[in-house]
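These notes are about the structure you will find just below.
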Amino acid sequence: MATWVILVDNPKDLSNAETPHKVMTVREYITRPKLFAGTHPTILNLSRSYAYQGGGYYASLLAEARGHRVVPGVETMTELSRKGLYRHALPELEDRLNRTLARIANVPGGSFKLTVCFGHAADETYEPFARLVFDWFRVPLLEVTVKPGEWRTIDRIRPLPLTELDAQGRDHFNRSLEAYTRRSWRAPKQRVPMKYSLAVLCDPKDALPPSSQASLKYLAKVAARHGIEVVPIGKGDLERLAQFDALFIRETTTIDNHTYRFARRATFEGMPVIDDPVSMIRCTNKVYLAELLEQNGVPTPKTVILSTMKDAEGLGEALGWPIVLKIPDGSFSRGVFKVEDAAALTAKMKELFDESDVLLAQEFCLTSFDWRIGVLDGEPLFACQYLMAKKHWQIVRHEEGKAAVEGSFRTCSLLEAPPLVVETAVRAARLIGNGLYGVDLKQVGDNVVVIEVNDNPNLDHGVEDSAEKDMVWDRLVRWFLKRLEAR
């Protein structure tokens, strides 16, 4: 559970009567290094100034050295010290600002200033913009100065001292502080207090989640034995992420949605995370994977990268018919198509080139199932066979207007799985990183080829853990625990 400590320059800036959290001066925190020894508090630094080598700056710098989570960090302080250092964030922020303003009836005519408290604006209509500002710059209090024009631009973003707020602004700050430090969901009380908290990003409404809600509850039971509290969070909880110690992403990952932003933010906060941003970038693009595996001698189906319609010439002779076409970032059998002849190839390529500048063509390997080897921290975790959907050539069958249909599965122990399948999967996964991966392989006779490496593999109680049982979940929890204890 998070312990909150609020730092102020003067006790009059925020009294202990205004908040249930411990309030102390910046000077006291700096000069008493052993005050929180053995604990992991979250420090909210409300110093009046974050100037380089000032008291507020040193408080955050020392907090990081002491292994405390701190808001804001010194990197954020440095970024906000000059507009040139945060200019890279302005295009996205100004786009969100103008889309937010387009929905507001009475937009200020001239310049105006917007106060953002922990990602919240006093006027709720500005909430989408306020959340994004806090995503970019995790500072308790920010002031954004907006310049007039047909396209509104941001003139300045600066940390706002608490002492500059009027009574109304102070009330808004106190409400935002309470909301930021209060958990909206808590696990049942444990007899032994939890030492760490693991945020699990999930969507209960997802039709094909990597882990079911029942499986996540099972994970929570296993994690509790190790002193780790599992807390489900959703896409709207980005501003709360730093409250937790680690992050486990259980939504389908892509680079262009909130899952990447959560991974990026967790890495920035120094939190152990599965999936990390680098793994997401490497695994979500099949073109990158194909090149990486080939360069490192990992066997794959014959593969050709396509960038123009001319690349279709001679493809049938090179790969044989039928040919499998893939868009680079498909998942759960989406974006993967089988074409039987040259005419179908040309038509499908024209369609897919409207979505992507680059496509992947592979030889078709007919099998009744795919091997899925789970790999964690460079070592095999589980072995499973995913059977093709009924009367279909893929594991998941997608039809317009119908629910996806999945094939069945068979799970075996790692000792029972063919050694070549396991060894090849581990070789492929180690090229990506040391997180959790699901390596899909096909075995045709004595040949084993890697189809893809997934950074966000399925992990369900009663499926992937059927053979290895709790060992799967124990090793996953220990992966986080090892990194948390090393901080």
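Simple scheme: letters A, B, ... for chains in structure tokens order, numbers from 1 for residues in each chain, numbers from 1 for ligands in the order shown.
Counting only C-alpha atoms, Ile323 (chain A) has the following residues at most 8 Å away, ignoring those fewer than 4 positions along the same chain: Gly316, Leu319, Lys338, Val339, Glu340, Leu345, Ala361, Gln362, Glu363 and Phe364 of chain A.
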What would the file look like if the residues just selected were written as a short mmCIF file (atom, residue, chain, number, x, y, z; two decimals), in the first residue's frame with N, CA, C and O atoms?
```cif
data_model
loop_
_atom_site.label_atom_id
_atom_site.label_comp_id
_atom_site.auth_asym_id
_atom_site.auth_seq_id
_atom_site.Cartn_x
_atom_site.Cartn_y
_atom_site.Cartn_z
N GLY A 316 4.59 -16.34 -56.32
CA GLY A 316 4.07 -17.70 -56.27
C GLY A 316 5.16 -18.73 -56.47
O GLY A 316 5.18 -19.76 -55.79
N LEU A 319 7.45 -18.70 -53.16
CA LEU A 319 6.89 -19.18 -51.90
C LEU A 319 5.96 -20.38 -52.07
O LEU A 319 5.70 -21.09 -51.10
N LYS A 338 -4.94 -15.61 -46.30
CA LYS A 338 -4.42 -16.63 -47.20
C LYS A 338 -4.97 -16.39 -48.60
O LYS A 338 -6.18 -16.23 -48.78
N VAL A 339 -4.07 -16.32 -49.59
CA VAL A 339 -4.49 -16.12 -50.98
C VAL A 339 -4.07 -17.33 -51.80
O VAL A 339 -2.98 -17.88 -51.61
N GLU A 340 -4.96 -17.76 -52.70
CA GLU A 340 -4.77 -19.03 -53.40
C GLU A 340 -4.09 -18.90 -54.76
O GLU A 340 -3.52 -19.87 -55.26
N LEU A 345 -3.95 -12.64 -54.92
CA LEU A 345 -2.80 -11.96 -54.33
C LEU A 345 -2.81 -10.48 -54.69
O LEU A 345 -2.66 -9.61 -53.82
N ALA A 361 4.85 -11.35 -46.90
CA ALA A 361 4.35 -12.55 -47.57
C ALA A 361 5.15 -13.75 -47.06
O ALA A 361 6.38 -13.69 -46.99
N GLN A 362 4.45 -14.83 -46.70
CA GLN A 362 5.12 -16.02 -46.19
C GLN A 362 4.57 -17.27 -46.86
O GLN A 362 3.41 -17.31 -47.28
N GLU A 363 5.42 -18.29 -46.90
CA GLU A 363 4.93 -19.57 -47.40
C GLU A 363 3.91 -20.14 -46.40
O GLU A 363 3.99 -19.89 -45.20
N PHE A 364 2.96 -20.86 -46.91
CA PHE A 364 1.90 -21.44 -46.08
C PHE A 364 2.35 -22.78 -45.55
O PHE A 364 2.78 -23.66 -46.31
#
```
message: Set the distance at 10 Å and use only C-alpha atoms: which residues neighbour Ala214 (chain A) once local chain neighbours fewer than 5 positions away are removed? I'd like the list as a ChimeraX atom specification.
response: /A:219-220,460-461
query: Interatomic distance between CA of Pro209 (chain A) and CA of Phe369 (chain A)?
result: 20.6 Å
task: Using only C-alpha atoms, determine which residues lie at most 12 Å from Glu79 (chain A), disregarding the query and same-chain residues fewer than 5 positions distant; provide the list as a PyMOL selection string.
output: chain A and resi 50-52+72-74+84-89+136-139+157-159
Secondary structure check, helix (DSSP H, G or I) residues of region 89-156 of chain A, as a ChimeraX atom specification: /A:89-101,124-136
Since we have the selection now, will you write its residues out, keeping N, CA and C atoms, as a PDB file, in the first residue's frame?
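Produced file part_33.pdb, reproduced below:
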```pdb
ATOM      1  N   ALA A  89       6.621  18.042 -26.899  1.00  0.00           N
ATOM      2  CA  ALA A  89       5.299  17.617 -26.439  1.00  0.00           C
ATOM      3  C   ALA A  89       4.171  18.492 -26.968  1.00  0.00           C
ATOM      4  N   LEU A  90       4.504  19.676 -27.481  1.00  0.00           N
ATOM      5  CA  LEU A  90       3.472  20.650 -27.829  1.00  0.00           C
ATOM      6  C   LEU A  90       2.541  20.217 -28.960  1.00  0.00           C
ATOM      7  N   PRO A  91       3.033  19.571 -30.035  1.00  0.00           N
ATOM      8  CA  PRO A  91       2.082  19.184 -31.094  1.00  0.00           C
ATOM      9  C   PRO A  91       0.935  18.328 -30.588  1.00  0.00           C
ATOM     10  N   GLU A  92       1.223  17.306 -29.791  1.00  0.00           N
ATOM     11  CA  GLU A  92       0.158  16.440 -29.269  1.00  0.00           C
ATOM     12  C   GLU A  92      -0.724  17.203 -28.282  1.00  0.00           C
ATOM     13  N   LEU A  93      -0.106  18.026 -27.433  1.00  0.00           N
ATOM     14  CA  LEU A  93      -0.878  18.778 -26.451  1.00  0.00           C
ATOM     15  C   LEU A  93      -1.791  19.802 -27.122  1.00  0.00           C
ATOM     16  N   GLU A  94      -1.279  20.502 -28.130  1.00  0.00           N
ATOM     17  CA  GLU A  94      -2.091  21.518 -28.813  1.00  0.00           C
ATOM     18  C   GLU A  94      -3.211  20.876 -29.626  1.00  0.00           C
ATOM     19  N   ASP A  95      -2.950  19.703 -30.181  1.00  0.00           N
ATOM     20  CA  ASP A  95      -4.015  18.992 -30.893  1.00  0.00           C
ATOM     21  C   ASP A  95      -5.139  18.620 -29.932  1.00  0.00           C
ATOM     22  N   ARG A  96      -4.786  18.073 -28.755  1.00  0.00           N
ATOM     23  CA  ARG A  96      -5.805  17.725 -27.764  1.00  0.00           C
ATOM     24  C   ARG A  96      -6.510  18.978 -27.248  1.00  0.00           C
ATOM     25  N   LEU A  97      -5.755  20.045 -27.054  1.00  0.00           N
ATOM     26  CA  LEU A  97      -6.344  21.302 -26.581  1.00  0.00           C
ATOM     27  C   LEU A  97      -7.404  21.816 -27.556  1.00  0.00           C
ATOM     28  N   ASN A  98      -7.074  21.839 -28.835  1.00  0.00           N
ATOM     29  CA  ASN A  98      -8.005  22.387 -29.816  1.00  0.00           C
ATOM     30  C   ASN A  98      -9.211  21.482 -30.015  1.00  0.00           C
ATOM     31  N   ARG A  99      -9.028  20.149 -29.904  1.00  0.00           N
ATOM     32  CA  ARG A  99     -10.180  19.254 -29.990  1.00  0.00           C
ATOM     33  C   ARG A  99     -11.078  19.414 -28.771  1.00  0.00           C
ATOM     34  N   THR A 100     -10.466  19.692 -27.624  1.00  0.00           N
ATOM     35  CA  THR A 100     -11.250  19.936 -26.402  1.00  0.00           C
ATOM     36  C   THR A 100     -12.025  21.242 -26.522  1.00  0.00           C
ATOM     37  N   LEU A 101     -11.367  22.286 -27.003  1.00  0.00           N
ATOM     38  CA  LEU A 101     -12.017  23.592 -27.147  1.00  0.00           C
ATOM     39  C   LEU A 101     -13.167  23.549 -28.153  1.00  0.00           C
ATOM     40  N   GLU A 124     -14.632  20.888 -15.766  1.00  0.00           N
ATOM     41  CA  GLU A 124     -14.531  19.496 -16.221  1.00  0.00           C
ATOM     42  C   GLU A 124     -14.469  19.357 -17.735  1.00  0.00           C
ATOM     43  N   THR A 125     -14.906  20.378 -18.465  1.00  0.00           N
ATOM     44  CA  THR A 125     -14.852  20.286 -19.927  1.00  0.00           C
ATOM     45  C   THR A 125     -13.418  20.232 -20.445  1.00  0.00           C
ATOM     46  N   TYR A 126     -12.465  20.666 -19.626  1.00  0.00           N
ATOM     47  CA  TYR A 126     -11.056  20.638 -20.020  1.00  0.00           C
ATOM     48  C   TYR A 126     -10.350  19.348 -19.585  1.00  0.00           C
ATOM     49  N   GLU A 127     -11.094  18.415 -19.005  1.00  0.00           N
ATOM     50  CA  GLU A 127     -10.483  17.214 -18.454  1.00  0.00           C
ATOM     51  C   GLU A 127      -9.620  16.429 -19.446  1.00  0.00           C
ATOM     52  N   PRO A 128     -10.075  16.198 -20.698  1.00  0.00           N
ATOM     53  CA  PRO A 128      -9.225  15.429 -21.619  1.00  0.00           C
ATOM     54  C   PRO A 128      -7.849  16.065 -21.817  1.00  0.00           C
ATOM     55  N   PHE A 129      -7.836  17.382 -21.926  1.00  0.00           N
ATOM     56  CA  PHE A 129      -6.562  18.084 -22.093  1.00  0.00           C
ATOM     57  C   PHE A 129      -5.745  18.027 -20.806  1.00  0.00           C
ATOM     58  N   ALA A 130      -6.396  18.238 -19.671  1.00  0.00           N
ATOM     59  CA  ALA A 130      -5.684  18.239 -18.386  1.00  0.00           C
ATOM     60  C   ALA A 130      -5.032  16.883 -18.126  1.00  0.00           C
ATOM     61  N   ARG A 131      -5.714  15.797 -18.452  1.00  0.00           N
ATOM     62  CA  ARG A 131      -5.144  14.464 -18.237  1.00  0.00           C
ATOM     63  C   ARG A 131      -3.900  14.260 -19.090  1.00  0.00           C
ATOM     64  N   LEU A 132      -3.948  14.740 -20.328  1.00  0.00           N
ATOM     65  CA  LEU A 132      -2.792  14.566 -21.209  1.00  0.00           C
ATOM     66  C   LEU A 132      -1.606  15.400 -20.737  1.00  0.00           C
ATOM     67  N   VAL A 133      -1.866  16.601 -20.257  1.00  0.00           N
ATOM     68  CA  VAL A 133      -0.780  17.427 -19.717  1.00  0.00           C
ATOM     69  C   VAL A 133      -0.091  16.699 -18.563  1.00  0.00           C
ATOM     70  N   PHE A 134      -0.888  16.115 -17.686  1.00  0.00           N
ATOM     71  CA  PHE A 134      -0.326  15.403 -16.542  1.00  0.00           C
ATOM     72  C   PHE A 134       0.371  14.121 -16.977  1.00  0.00           C
ATOM     73  N   ASP A 135      -0.077  13.534 -18.056  1.00  0.00           N
ATOM     74  CA  ASP A 135       0.608  12.367 -18.608  1.00  0.00           C
ATOM     75  C   ASP A 135       2.020  12.744 -19.049  1.00  0.00           C
ATOM     76  N   TRP A 136       2.130  13.879 -19.721  1.00  0.00           N
ATOM     77  CA  TRP A 136       3.441  14.324 -20.197  1.00  0.00           C
ATOM     78  C   TRP A 136       4.320  14.814 -19.056  1.00  0.00           C
TER      79      TRP A 136
END
```
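Neighbouring residues of Glu229 (chain A) at 7 Å or closer, counting only C-alpha atoms and skipping chain neighbours under 4 positions away, are A:Met194, A:Tyr196, A:Ser197, A:Leu198, A:Ala220, A:Ala223, A:Ala224.
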Can you pull out every residue within 10 Å of Leu436 (chain A), counting only C-alpha atoms, but drop anything in the same chain fewer than 6 positions away, and send it as a short mmCIF file (atom, residue, chain, number, x, y, z; two decimals) with N, CA, C and O atoms, in the first residue's frame?
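Okay, this is what ended up in selection.cif:
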```cif
data_model
loop_
_atom_site.label_atom_id
_atom_site.label_comp_id
_atom_site.auth_asym_id
_atom_site.auth_seq_id
_atom_site.Cartn_x
_atom_site.Cartn_y
_atom_site.Cartn_z
N VAL A 273 7.97 -3.65 -15.52
CA VAL A 273 6.76 -3.69 -16.34
C VAL A 273 6.84 -4.81 -17.35
O VAL A 273 7.88 -5.07 -17.95
N ILE A 274 5.74 -5.50 -17.49
CA ILE A 274 5.49 -6.45 -18.59
C ILE A 274 4.16 -6.03 -19.22
O ILE A 274 3.15 -6.00 -18.53
N ASP A 275 4.21 -5.56 -20.46
CA ASP A 275 5.28 -5.56 -21.45
C ASP A 275 5.99 -4.21 -21.43
O ASP A 275 5.33 -3.17 -21.36
N ASP A 276 7.30 -4.24 -21.58
CA ASP A 276 8.05 -3.00 -21.64
C ASP A 276 7.94 -2.40 -23.04
O ASP A 276 7.63 -3.09 -24.01
N SER A 279 9.98 -4.10 -25.98
CA SER A 279 9.40 -5.38 -26.41
C SER A 279 8.15 -5.16 -27.25
O SER A 279 7.92 -5.87 -28.24
N GLY A 374 5.67 -20.40 -23.84
CA GLY A 374 5.83 -19.20 -23.04
C GLY A 374 7.27 -19.10 -22.56
O GLY A 374 7.86 -20.10 -22.13
N VAL A 375 7.83 -17.92 -22.66
CA VAL A 375 9.22 -17.69 -22.24
C VAL A 375 9.23 -16.49 -21.31
O VAL A 375 8.73 -15.42 -21.67
N LEU A 376 9.81 -16.65 -20.14
CA LEU A 376 9.90 -15.57 -19.16
C LEU A 376 11.36 -15.43 -18.73
O LEU A 376 11.98 -16.39 -18.30
N ASP A 377 11.87 -14.20 -18.87
CA ASP A 377 13.24 -13.90 -18.46
C ASP A 377 14.24 -14.83 -19.14
O ASP A 377 15.22 -15.27 -18.53
N GLY A 378 13.96 -15.15 -20.39
CA GLY A 378 14.88 -15.96 -21.17
C GLY A 378 14.83 -17.45 -20.92
O GLY A 378 15.66 -18.20 -21.43
N GLU A 379 13.82 -17.92 -20.14
CA GLU A 379 13.70 -19.35 -19.84
C GLU A 379 12.27 -19.81 -20.13
O GLU A 379 11.32 -19.05 -19.96
N PRO A 380 12.09 -21.08 -20.57
CA PRO A 380 10.75 -21.57 -20.90
C PRO A 380 9.84 -21.58 -19.68
O PRO A 380 10.26 -21.92 -18.57
N LEU A 381 8.57 -21.23 -19.90
CA LEU A 381 7.59 -21.12 -18.81
C LEU A 381 6.47 -22.14 -18.94
O LEU A 381 6.05 -22.75 -17.96
N ALA A 429 12.89 -15.69 -28.34
CA ALA A 429 12.45 -14.76 -27.29
C ALA A 429 13.62 -13.96 -26.73
O ALA A 429 13.47 -12.77 -26.41
N ASN A 454 5.13 -13.06 -29.52
CA ASN A 454 4.11 -12.17 -28.97
C ASN A 454 4.60 -11.58 -27.66
O ASN A 454 5.03 -12.31 -26.77
N ASP A 455 4.50 -10.26 -27.53
CA ASP A 455 4.91 -9.62 -26.27
C ASP A 455 3.79 -9.68 -25.23
O ASP A 455 4.03 -9.40 -24.06
N ASN A 456 2.59 -10.04 -25.64
CA ASN A 456 1.43 -9.99 -24.75
C ASN A 456 0.68 -11.32 -24.82
O ASN A 456 -0.49 -11.37 -25.18
N PRO A 457 1.35 -12.43 -24.48
CA PRO A 457 0.75 -13.74 -24.73
C PRO A 457 -0.41 -14.05 -23.80
O PRO A 457 -0.50 -13.52 -22.69
N LEU A 476 6.08 -15.92 -12.51
CA LEU A 476 5.71 -14.58 -12.98
C LEU A 476 5.79 -13.57 -11.84
O LEU A 476 6.36 -12.48 -11.99
N TRP A 479 9.29 -12.78 -10.88
CA TRP A 479 9.95 -11.87 -11.84
C TRP A 479 9.82 -10.43 -11.36
O TRP A 479 10.79 -9.67 -11.36
#
```
Exercise: Thr254 (chain A) partners within 7 Å, only C-alpha atoms, chain neighbours under 5 positions left out, as a tab-separated table (two decimals) with N, CA, C and O atoms, in the first residue's frame:
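Output file around.tsv follows:
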```tsv
chain	number	residue	atom	x	y	z
A	259	THR	N	-1.96	1.38	-24.25
A	259	THR	CA	-1.09	0.38	-23.62
A	259	THR	C	0.38	0.79	-23.73
A	259	THR	O	1.15	0.61	-22.78
A	260	TYR	N	0.76	1.36	-24.86
A	260	TYR	CA	2.15	1.81	-25.03
A	260	TYR	C	2.44	2.98	-24.10
A	260	TYR	O	3.53	3.07	-23.52
A	284	THR	N	5.27	-6.06	-31.96
A	284	THR	CA	4.03	-5.72	-32.65
A	284	THR	C	4.24	-5.50	-34.15
A	284	THR	O	3.26	-5.36	-34.87
```
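With only C-alpha atoms as the atoms that count, the residue of A:Val298, A:Leu177, A:Val336, A:Ile327 with the shortest distance to Arg430 (chain A) is A:Val298.
Here CA of Arg103 (chain A) is placed at a distance of 21.4 Å from CA of Cys117 (chain A).
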field: Among the residues A:Val144, A:Leu292, A:Ala59, A:Ala121, the one that comes closest to Met77 (chain A) [using only C-alpha atoms]
entry: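 With only C-alpha atoms as the atom set, the closest residue is A:Ala59.
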task: Take CA of Glu64 (chain A) and CA of Ser49 (chain A) and report the distance between them in Å, one decimal.
output: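 That distance, rounded to one decimal, is 17.9 Å.
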- request: Can you check which residues of region 19-114 of chain A DSSP gives as strand (DSSP E or B) on the backbone and send them as an NGL selection string?
  value: :A and (22-25 or 42-45 or 69-71 or 112-114)
Selected residues written out, all heavy atoms, as an mmCIF file, in the first residue's frame:
```
data_model
loop_
_atom_site.group_PDB
_atom_site.id
_atom_site.type_symbol
_atom_site.label_atom_id
_atom_site.label_comp_id
_atom_site.auth_asym_id
_atom_site.auth_seq_id
_atom_site.Cartn_x
_atom_site.Cartn_y
_atom_site.Cartn_z
ATOM 1 N N LYS A 22 1.181 12.570 5.693
ATOM 2 C CA LYS A 22 2.238 13.241 6.444
ATOM 3 C C LYS A 22 2.763 14.435 5.645
ATOM 4 O O LYS A 22 3.100 14.299 4.463
ATOM 5 C CB LYS A 22 3.390 12.280 6.749
ATOM 6 C CG LYS A 22 4.534 12.910 7.536
ATOM 7 C CD LYS A 22 5.581 11.888 7.906
ATOM 8 C CE LYS A 22 6.740 12.541 8.669
ATOM 9 N NZ LYS A 22 6.288 13.198 9.908
ATOM 10 N N VAL A 23 2.827 15.589 6.275
ATOM 11 C CA VAL A 23 3.380 16.791 5.657
ATOM 12 C C VAL A 23 4.657 17.169 6.402
ATOM 13 O O VAL A 23 4.677 17.211 7.639
ATOM 14 C CB VAL A 23 2.378 17.973 5.714
ATOM 15 C CG1 VAL A 23 2.975 19.214 5.063
ATOM 16 C CG2 VAL A 23 1.066 17.590 5.018
ATOM 17 N N MET A 24 5.722 17.416 5.647
ATOM 18 C CA MET A 24 6.979 17.825 6.267
ATOM 19 C C MET A 24 7.680 18.814 5.349
ATOM 20 O O MET A 24 7.340 18.938 4.167
ATOM 21 C CB MET A 24 7.868 16.607 6.537
ATOM 22 C CG MET A 24 8.291 15.845 5.292
ATOM 23 S SD MET A 24 9.119 14.260 5.667
ATOM 24 C CE MET A 24 10.516 14.819 6.604
ATOM 25 N N THR A 25 8.664 19.518 5.870
ATOM 26 C CA THR A 25 9.357 20.516 5.059
ATOM 27 C C THR A 25 10.397 19.851 4.171
ATOM 28 O O THR A 25 10.907 18.761 4.472
ATOM 29 C CB THR A 25 10.047 21.569 5.937
ATOM 30 O OG1 THR A 25 11.092 20.937 6.687
ATOM 31 C CG2 THR A 25 9.052 22.255 6.865
ATOM 32 N N THR A 42 5.697 7.331 -1.338
ATOM 33 C CA THR A 42 5.575 8.169 -2.527
ATOM 34 C C THR A 42 5.642 9.624 -2.069
ATOM 35 O O THR A 42 4.856 10.053 -1.223
ATOM 36 C CB THR A 42 4.254 7.916 -3.260
ATOM 37 O OG1 THR A 42 4.220 6.554 -3.684
ATOM 38 C CG2 THR A 42 4.133 8.818 -4.483
ATOM 39 N N ILE A 43 6.579 10.358 -2.622
ATOM 40 C CA ILE A 43 6.828 11.735 -2.216
ATOM 41 C C ILE A 43 6.131 12.688 -3.181
ATOM 42 O O ILE A 43 6.360 12.624 -4.397
ATOM 43 C CB ILE A 43 8.343 12.045 -2.190
ATOM 44 C CG1 ILE A 43 9.110 10.994 -1.375
ATOM 45 C CG2 ILE A 43 8.590 13.452 -1.665
ATOM 46 C CD1 ILE A 43 8.723 10.919 0.064
ATOM 47 N N LEU A 44 5.270 13.553 -2.658
ATOM 48 C CA LEU A 44 4.687 14.629 -3.450
ATOM 49 C C LEU A 44 5.435 15.908 -3.097
ATOM 50 O O LEU A 44 5.308 16.432 -1.989
ATOM 51 C CB LEU A 44 3.193 14.780 -3.148
ATOM 52 C CG LEU A 44 2.284 13.642 -3.598
ATOM 53 C CD1 LEU A 44 0.844 13.932 -3.228
ATOM 54 C CD2 LEU A 44 2.409 13.425 -5.097
ATOM 55 N N ASN A 45 6.221 16.392 -4.026
ATOM 56 C CA ASN A 45 7.078 17.545 -3.789
ATOM 57 C C ASN A 45 6.334 18.823 -4.179
ATOM 58 O O ASN A 45 6.172 19.128 -5.359
ATOM 59 C CB ASN A 45 8.364 17.397 -4.602
ATOM 60 C CG ASN A 45 9.390 18.472 -4.301
ATOM 61 O OD1 ASN A 45 9.075 19.493 -3.689
ATOM 62 N ND2 ASN A 45 10.614 18.258 -4.738
ATOM 63 N N ARG A 69 9.524 6.744 -4.643
ATOM 64 C CA ARG A 69 8.831 7.300 -5.804
ATOM 65 C C ARG A 69 8.565 8.771 -5.511
ATOM 66 O O ARG A 69 8.185 9.134 -4.388
ATOM 67 C CB ARG A 69 7.522 6.556 -6.062
ATOM 68 C CG ARG A 69 7.719 5.102 -6.439
ATOM 69 C CD ARG A 69 6.403 4.462 -6.873
ATOM 70 N NE ARG A 69 5.422 4.521 -5.803
ATOM 71 C CZ ARG A 69 5.312 3.601 -4.869
ATOM 72 N NH1 ARG A 69 6.127 2.566 -4.844
ATOM 73 N NH2 ARG A 69 4.381 3.698 -3.929
ATOM 74 N N VAL A 70 8.752 9.617 -6.504
ATOM 75 C CA VAL A 70 8.618 11.046 -6.256
ATOM 76 C C VAL A 70 7.921 11.731 -7.418
ATOM 77 O O VAL A 70 8.136 11.382 -8.582
ATOM 78 C CB VAL A 70 9.994 11.706 -5.996
ATOM 79 C CG1 VAL A 70 10.921 11.568 -7.195
ATOM 80 C CG2 VAL A 70 9.833 13.167 -5.582
ATOM 81 N N VAL A 71 7.061 12.664 -7.103
ATOM 82 C CA VAL A 71 6.344 13.483 -8.081
ATOM 83 C C VAL A 71 6.544 14.947 -7.700
ATOM 84 O O VAL A 71 6.170 15.337 -6.582
ATOM 85 C CB VAL A 71 4.833 13.161 -8.081
ATOM 86 C CG1 VAL A 71 4.101 14.025 -9.084
ATOM 87 C CG2 VAL A 71 4.591 11.677 -8.374
ATOM 88 N N PHE A 112 -5.631 32.885 -22.141
ATOM 89 C CA PHE A 112 -6.142 32.477 -20.837
ATOM 90 C C PHE A 112 -5.201 31.446 -20.222
ATOM 91 O O PHE A 112 -4.357 30.871 -20.913
ATOM 92 C CB PHE A 112 -7.568 31.911 -20.933
ATOM 93 C CG PHE A 112 -7.685 30.613 -21.685
ATOM 94 C CD1 PHE A 112 -7.650 29.391 -21.023
ATOM 95 C CD2 PHE A 112 -7.857 30.609 -23.071
ATOM 96 C CE1 PHE A 112 -7.773 28.192 -21.712
ATOM 97 C CE2 PHE A 112 -7.980 29.415 -23.769
ATOM 98 C CZ PHE A 112 -7.936 28.207 -23.088
ATOM 99 N N LYS A 113 -5.346 31.264 -18.922
ATOM 100 C CA LYS A 113 -4.502 30.329 -18.191
ATOM 101 C C LYS A 113 -5.361 29.226 -17.599
ATOM 102 O O LYS A 113 -6.446 29.486 -17.085
ATOM 103 C CB LYS A 113 -3.722 31.052 -17.086
ATOM 104 C CG LYS A 113 -2.717 32.061 -17.633
ATOM 105 C CD LYS A 113 -1.966 32.774 -16.518
ATOM 106 C CE LYS A 113 -0.956 33.756 -17.090
ATOM 107 N NZ LYS A 113 -0.213 34.486 -16.020
ATOM 108 N N LEU A 114 -4.867 28.015 -17.692
ATOM 109 C CA LEU A 114 -5.580 26.853 -17.191
ATOM 110 C C LEU A 114 -4.732 26.186 -16.113
ATOM 111 O O LEU A 114 -3.557 25.886 -16.338
ATOM 112 C CB LEU A 114 -5.847 25.866 -18.327
ATOM 113 C CG LEU A 114 -6.622 24.596 -17.990
ATOM 114 C CD1 LEU A 114 -8.058 24.931 -17.631
ATOM 115 C CD2 LEU A 114 -6.584 23.628 -19.173
#
```
task: Pick out the residues sitting within 7 Å of region 306-308 of chain A, and hand them over as a PyMOL selection string; count only C-alpha atoms, and ignore anything fewer than 4 positions along from it in its own chain.
output: chain A and resi 357-360
Atoms kept (all heavy atoms) for selection, written as a PDB file, in the first residue's frame:
```pdb
ATOM      1  N   ASP A 357       2.264   0.658 -45.629  1.00  0.00           N
ATOM      2  CA  ASP A 357       3.214   0.840 -46.721  1.00  0.00           C
ATOM      3  C   ASP A 357       4.045  -0.411 -46.966  1.00  0.00           C
ATOM      4  O   ASP A 357       4.672  -0.544 -48.017  1.00  0.00           O
ATOM      5  CB  ASP A 357       4.164   2.010 -46.424  1.00  0.00           C
ATOM      6  CG  ASP A 357       3.464   3.355 -46.480  1.00  0.00           C
ATOM      7  OD1 ASP A 357       2.390   3.434 -47.113  1.00  0.00           O
ATOM      8  OD2 ASP A 357       3.994   4.322 -45.905  1.00  0.00           O
ATOM      9  N   VAL A 358       4.062  -1.295 -45.990  1.00  0.00           N
ATOM     10  CA  VAL A 358       4.867  -2.509 -46.095  1.00  0.00           C
ATOM     11  C   VAL A 358       4.005  -3.701 -45.693  1.00  0.00           C
ATOM     12  O   VAL A 358       3.228  -3.627 -44.738  1.00  0.00           O
ATOM     13  CB  VAL A 358       6.113  -2.428 -45.185  1.00  0.00           C
ATOM     14  CG1 VAL A 358       6.905  -3.730 -45.244  1.00  0.00           C
ATOM     15  CG2 VAL A 358       7.005  -1.261 -45.583  1.00  0.00           C
ATOM     16  N   LEU A 359       4.126  -4.801 -46.428  1.00  0.00           N
ATOM     17  CA  LEU A 359       3.418  -6.044 -46.118  1.00  0.00           C
ATOM     18  C   LEU A 359       4.417  -7.184 -46.007  1.00  0.00           C
ATOM     19  O   LEU A 359       5.581  -7.057 -46.415  1.00  0.00           O
ATOM     20  CB  LEU A 359       2.390  -6.372 -47.209  1.00  0.00           C
ATOM     21  CG  LEU A 359       1.330  -5.317 -47.524  1.00  0.00           C
ATOM     22  CD1 LEU A 359       0.478  -5.782 -48.704  1.00  0.00           C
ATOM     23  CD2 LEU A 359       0.463  -5.040 -46.311  1.00  0.00           C
ATOM     24  N   LEU A 360       3.931  -8.294 -45.492  1.00  0.00           N
ATOM     25  CA  LEU A 360       4.761  -9.478 -45.356  1.00  0.00           C
ATOM     26  C   LEU A 360       4.085 -10.631 -46.085  1.00  0.00           C
ATOM     27  O   LEU A 360       2.884 -10.860 -45.910  1.00  0.00           O
ATOM     28  CB  LEU A 360       4.901  -9.826 -43.868  1.00  0.00           C
ATOM     29  CG  LEU A 360       6.205 -10.464 -43.395  1.00  0.00           C
ATOM     30  CD1 LEU A 360       7.367  -9.511 -43.601  1.00  0.00           C
ATOM     31  CD2 LEU A 360       6.097 -10.824 -41.916  1.00  0.00           C
TER      32      LEU A 360
END
```
